[in-house]
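Report on one structure; see the data block that follows.
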Amino acid sequence: MDNDSNNSPMAGKRVLIVGAGGFIGGFLAVEALRRGADVTCMVRESTSRRYLTDPRLRFLVCGSFDDPQSIAKALLSADGRWDYVVYNLGATKATNFSDFNRINFAFLRNFLDALRIADKRPDRLLYMSSLSALGKGDERGYTPFTDMSIPNPDTRYGLSKMKAETLLDTTSDIPWTILRPTGVYGPHEQDYLMMVKCIDRHFDFGIGFRRQMLTFIYVEDLARAVMDALVAPAAAGRKYIVSELQSYSQADFRRIVAEELGTRCVIPVRLPLWVARIVCVVSEKWGVARLKPSTLNTDKFNILKQRNWQADCSRAVADFGFAPRVSLREGIREVIRSWRADEAQKSSDKR
């Protein structure tokens, strides 16, 4: 699909991005602007705008997503309606299940109610879900996930995403599309960067001893998929897995990162599942004690121990021309370049 702003079907359209302040949100805003859209970012007063610096961006400040009336008030403060809404608001880490449920499910329910109260239903709403909503796949034969896979979430995060998807399943007055991206990485993302940093220190930590097949999607490819799906008639009322059209073993990932770092010797360290579980439980409890979500937690343990993350994206390819452009090697190269640039800037600022 040709996405130049001059001939893009999104040119001149009004797009509202909810949850624009995070890692993915900034790339969504850039991609929508690139296609000639009039872009509004819905944020809270405390939301960082570090990656939302383009002067063409408009901002809509919402006091609280806990109250549909508060959201509706913010929506009504802007003239007219939006042609498209990208709902990217969500939490990937939380100290307890109630936080996942409130942020990933209740906030969406409140937002849908607010669209009705303000009478600003869009032509299409795209909800950013996750491959984790499907839970554990085929751990024996390594059959890829498909868009028809029966969901069986085994994490609190995945369950909250599935609840949100089920809410949209029962929504008939607001046209929707759901994307289920696999592991999203790119500049400024921290979880995969942590793995890169470990390999830079000559260690590659993993859990379990059985083969694990991984999939990834570079953040710019995800942003392009979002904008393509929004305007595709065939994507209305459908759910799509989006991933690079290739899977990798942990050894593949380690080799690619090491080569791009220029690191010759990397020692693979494999923890037994029971050891990793203890580490995650302790880390989670420490996070609860500090009232701060921990990267390593019981949810993360279930994700890390999963052996099969392979994905079949054929329906996305057919329905809206999904065609990821960035390979894992190219994406990792950009992650490393961005990380090193940030480190150099920090060192310069200290002088």
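Starting from 1 in every chain, residues are counted up; chains themselves are A, B, ... following the order of the structure tokens, and ligands are numbered from 1 as listed.
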Enumerate, in order of chain and increasing residue number, the residues of region 24-140 of chain A with an atom no farther than 12 Å from region 205-224 of chain A, each with its shortest atom pair and distance in Å to one decimal, counting only C-alpha atoms, as JSON lines.
```
{"residue": "A:Ile24", "atom": "CA", "partner": "A:Val219", "partner_atom": "CA", "distance": 6.5}
{"residue": "A:Gly25", "atom": "CA", "partner": "A:Ala223", "partner_atom": "CA", "distance": 8.7}
{"residue": "A:Gly26", "atom": "CA", "partner": "A:Ala223", "partner_atom": "CA", "distance": 9.4}
{"residue": "A:Phe27", "atom": "CA", "partner": "A:Ala223", "partner_atom": "CA", "distance": 6.2}
{"residue": "A:Leu28", "atom": "CA", "partner": "A:Ala223", "partner_atom": "CA", "distance": 5.0}
{"residue": "A:Ala29", "atom": "CA", "partner": "A:Ala223", "partner_atom": "CA", "distance": 8.5}
{"residue": "A:Val30", "atom": "CA", "partner": "A:Ala223", "partner_atom": "CA", "distance": 8.6}
{"residue": "A:Glu31", "atom": "CA", "partner": "A:Ala223", "partner_atom": "CA", "distance": 6.3}
{"residue": "A:Ala32", "atom": "CA", "partner": "A:Ala223", "partner_atom": "CA", "distance": 8.4}
{"residue": "A:Leu33", "atom": "CA", "partner": "A:Ala223", "partner_atom": "CA", "distance": 11.4}
{"residue": "A:Arg34", "atom": "CA", "partner": "A:Arg224", "partner_atom": "CA", "distance": 10.3}
{"residue": "A:Arg35", "atom": "CA", "partner": "A:Arg224", "partner_atom": "CA", "distance": 9.8}
{"residue": "A:Val86", "atom": "CA", "partner": "A:Ala223", "partner_atom": "CA", "distance": 10.4}
{"residue": "A:Asn88", "atom": "CA", "partner": "A:Ala223", "partner_atom": "CA", "distance": 11.0}
{"residue": "A:Leu126", "atom": "CA", "partner": "A:Ala223", "partner_atom": "CA", "distance": 11.6}
{"residue": "A:Met128", "atom": "CA", "partner": "A:Leu222", "partner_atom": "CA", "distance": 10.1}
{"residue": "A:Ser130", "atom": "CA", "partner": "A:Ile217", "partner_atom": "CA", "distance": 11.8}
{"residue": "A:Leu131", "atom": "CA", "partner": "A:Thr215", "partner_atom": "CA", "distance": 10.3}
{"residue": "A:Gly137", "atom": "CA", "partner": "A:Met213", "partner_atom": "CA", "distance": 11.5}
{"residue": "A:Asp138", "atom": "CA", "partner": "A:Met213", "partner_atom": "CA", "distance": 11.2}
{"residue": "A:Glu139", "atom": "CA", "partner": "A:Gln212", "partner_atom": "CA", "distance": 9.1}
{"residue": "A:Arg140", "atom": "CA", "partner": "A:Arg211", "partner_atom": "CA", "distance": 10.2}
```
Let me see the file: selected residues, N, CA and C atoms, as a short mmCIF file (atom, residue, chain, number, x, y, z; two decimals), in the first residue's frame.
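What ended up in out_38.cif:
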```cif
data_model
loop_
_atom_site.label_atom_id
_atom_site.label_comp_id
_atom_site.auth_asym_id
_atom_site.auth_seq_id
_atom_site.Cartn_x
_atom_site.Cartn_y
_atom_site.Cartn_z
N ILE A 24 5.05 3.29 22.18
CA ILE A 24 4.38 3.06 20.90
C ILE A 24 3.65 4.31 20.43
N GLY A 25 3.04 5.04 21.36
CA GLY A 25 2.21 6.18 21.00
C GLY A 25 2.93 7.23 20.18
N GLY A 26 4.18 7.51 20.52
CA GLY A 26 4.93 8.51 19.77
C GLY A 26 5.10 8.12 18.32
N PHE A 27 5.35 6.83 18.06
CA PHE A 27 5.51 6.36 16.69
C PHE A 27 4.18 6.37 15.94
N LEU A 28 3.08 6.10 16.64
CA LEU A 28 1.77 6.19 16.00
C LEU A 28 1.49 7.61 15.54
N ALA A 29 1.81 8.59 16.39
CA ALA A 29 1.58 9.98 16.03
C ALA A 29 2.41 10.39 14.82
N VAL A 30 3.67 9.98 14.80
CA VAL A 30 4.55 10.32 13.68
C VAL A 30 4.03 9.72 12.38
N GLU A 31 3.61 8.45 12.43
CA GLU A 31 3.12 7.78 11.22
C GLU A 31 1.84 8.42 10.70
N ALA A 32 0.92 8.77 11.60
CA ALA A 32 -0.32 9.42 11.17
C ALA A 32 -0.03 10.78 10.54
N LEU A 33 0.88 11.53 11.11
CA LEU A 33 1.26 12.82 10.53
C LEU A 33 1.89 12.62 9.16
N ARG A 34 2.73 11.60 9.03
CA ARG A 34 3.40 11.33 7.76
C ARG A 34 2.40 11.06 6.64
N ARG A 35 1.25 10.53 7.02
CA ARG A 35 0.23 10.21 6.02
C ARG A 35 -0.72 11.38 5.77
N VAL A 86 -7.39 5.67 17.56
CA VAL A 86 -6.48 4.59 17.92
C VAL A 86 -6.44 4.54 19.44
N ASN A 88 -4.68 3.20 22.32
CA ASN A 88 -3.40 2.57 22.68
C ASN A 88 -3.14 2.64 24.18
N LEU A 126 -9.54 1.57 16.48
CA LEU A 126 -8.60 0.45 16.50
C LEU A 126 -8.09 0.27 17.92
N MET A 128 -5.54 -1.57 20.51
CA MET A 128 -4.25 -2.25 20.58
C MET A 128 -4.30 -3.30 21.68
N SER A 130 -2.92 -7.56 22.42
CA SER A 130 -1.62 -8.21 22.54
C SER A 130 -1.76 -9.69 22.20
N LEU A 131 -0.67 -10.27 21.69
CA LEU A 131 -0.67 -11.71 21.45
C LEU A 131 -0.84 -12.47 22.75
N GLY A 137 0.14 -21.35 23.49
CA GLY A 137 -0.18 -22.01 22.23
C GLY A 137 0.27 -23.46 22.22
N ASP A 138 0.60 -23.95 21.04
CA ASP A 138 1.04 -25.34 20.87
C ASP A 138 2.49 -25.46 21.31
N GLU A 139 2.70 -26.04 22.47
CA GLU A 139 4.05 -26.15 23.03
C GLU A 139 4.75 -27.45 22.62
N ARG A 140 4.06 -28.29 21.88
CA ARG A 140 4.66 -29.56 21.44
C ARG A 140 5.03 -29.51 19.95
#
```
Excluding same-chain residues fewer than 5 positions from region 274-283 of chain A, what lies within 6 Å of it counting only C-alpha atoms, as an MDAnalysis selection string?
chainID A and resid 296:298
List every residue of region 17-229 of chain A that DSSP, applied to the backbone of this structure, assigns to strand (DSSP E or B), and report them as an MDAnalysis selection string.
chainID A and resid 17:18 38:43 58:61 84:87 124:128 135 145 152 176:181 183:185 203:207 213:214 216:218
Please dump the current selection as a PDB file, in the first residue's frame; keep C-alpha atoms.
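Written file, result33.pdb:
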```pdb
ATOM      1  CA  ILE A  17      -4.661   8.733  19.543  1.00  0.00           C
ATOM      2  CA  VAL A  18      -5.574   7.727  23.086  1.00  0.00           C
ATOM      3  CA  ASP A  38      -4.763  15.895  11.455  1.00  0.00           C
ATOM      4  CA  VAL A  39      -3.587  14.265  14.689  1.00  0.00           C
ATOM      5  CA  THR A  40      -4.843  14.840  18.230  1.00  0.00           C
ATOM      6  CA  CYS A  41      -3.195  13.148  21.205  1.00  0.00           C
ATOM      7  CA  MET A  42      -5.410  12.458  24.208  1.00  0.00           C
ATOM      8  CA  VAL A  43      -3.270  12.583  27.339  1.00  0.00           C
ATOM      9  CA  ARG A  58      -2.869  18.815  18.884  1.00  0.00           C
ATOM     10  CA  PHE A  59      -3.447  17.803  22.491  1.00  0.00           C
ATOM     11  CA  LEU A  60      -6.569  16.938  24.428  1.00  0.00           C
ATOM     12  CA  VAL A  61      -6.129  16.704  28.201  1.00  0.00           C
ATOM     13  CA  TYR A  84     -10.464   7.440  13.338  1.00  0.00           C
ATOM     14  CA  VAL A  85      -9.527   6.631  16.926  1.00  0.00           C
ATOM     15  CA  VAL A  86      -6.477   4.589  17.921  1.00  0.00           C
ATOM     16  CA  TYR A  87      -6.924   3.300  21.466  1.00  0.00           C
ATOM     17  CA  ARG A 124     -13.375   3.181  13.044  1.00  0.00           C
ATOM     18  CA  LEU A 125     -11.753   2.553  16.424  1.00  0.00           C
ATOM     19  CA  LEU A 126      -8.596   0.453  16.496  1.00  0.00           C
ATOM     20  CA  TYR A 127      -7.823  -1.254  19.789  1.00  0.00           C
ATOM     21  CA  MET A 128      -4.250  -2.246  20.578  1.00  0.00           C
ATOM     22  CA  GLY A 135      -2.331 -17.339  26.194  1.00  0.00           C
ATOM     23  CA  PHE A 145      -0.906 -18.804  16.445  1.00  0.00           C
ATOM     24  CA  ASN A 152      -6.869 -19.017  26.738  1.00  0.00           C
ATOM     25  CA  TRP A 176     -13.729  -1.509  15.540  1.00  0.00           C
ATOM     26  CA  THR A 177     -10.586  -3.399  14.576  1.00  0.00           C
ATOM     27  CA  ILE A 178      -8.271  -5.208  16.994  1.00  0.00           C
ATOM     28  CA  LEU A 179      -4.537  -5.765  16.537  1.00  0.00           C
ATOM     29  CA  ARG A 180      -2.656  -8.346  18.581  1.00  0.00           C
ATOM     30  CA  PRO A 181       1.029  -7.498  18.210  1.00  0.00           C
ATOM     31  CA  GLY A 183       6.773  -8.484  21.212  1.00  0.00           C
ATOM     32  CA  VAL A 184       7.137  -4.827  20.185  1.00  0.00           C
ATOM     33  CA  TYR A 185      10.623  -3.347  20.245  1.00  0.00           C
ATOM     34  CA  PHE A 203      25.750 -12.760  29.213  1.00  0.00           C
ATOM     35  CA  ASP A 204      22.463 -13.963  27.739  1.00  0.00           C
ATOM     36  CA  PHE A 205      19.943 -14.986  30.396  1.00  0.00           C
ATOM     37  CA  GLY A 206      17.047 -17.279  29.596  1.00  0.00           C
ATOM     38  CA  ILE A 207      14.815 -19.747  31.391  1.00  0.00           C
ATOM     39  CA  MET A 213      10.662 -19.777  19.215  1.00  0.00           C
ATOM     40  CA  LEU A 214      10.242 -16.009  19.399  1.00  0.00           C
ATOM     41  CA  PHE A 216       9.007  -9.644  17.153  1.00  0.00           C
ATOM     42  CA  ILE A 217       7.625  -6.577  15.452  1.00  0.00           C
ATOM     43  CA  TYR A 218       9.543  -3.343  15.053  1.00  0.00           C
TER      44      TYR A 218
END
```
Identify, with DSSP run on backbone atoms, the residues in region 108-255 of chain A assigned to helix (DSSP H, G or I), and express the list as number ranges by chain.
A: 108-117, 131-134, 156-169, 191-200, 219-231, 233-235, 250-255
Can you measure CA of Ala74 (chain A) to CA of Phe111 (chain A) for me? One decimal in Å is fine.
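Pair CA of Ala74 (chain A) / CA of Phe111 (chain A) returns 10.9 Å.
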Length of the CA of Leu167 (chain A) to CA of Ala133 (chain A) vector [Å]:
13.5 Å
From the options A:Lys239, A:Asp191, A:Tyr142, A:Leu57, which residue's atoms come nearest to Asp169 (chain A), counting only C-alpha atoms?
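Residue with the minimum atom-to-atom distance to Asp169 (chain A): A:Lys239.
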Go through A:Leu16, A:Met10, A:Ala232, A:Ala94 one by one, measure the shortest atom-to-atom distance of each to Thr155 (chain A) using only C-alpha atoms, and give the residue with the smallest value.
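Among the listed residues, A:Ala94 lies closest to Thr155 (chain A).
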Separation of CA of Leu261 (chain A) from CA of Arg307 (chain A) in Å:
26.0 Å
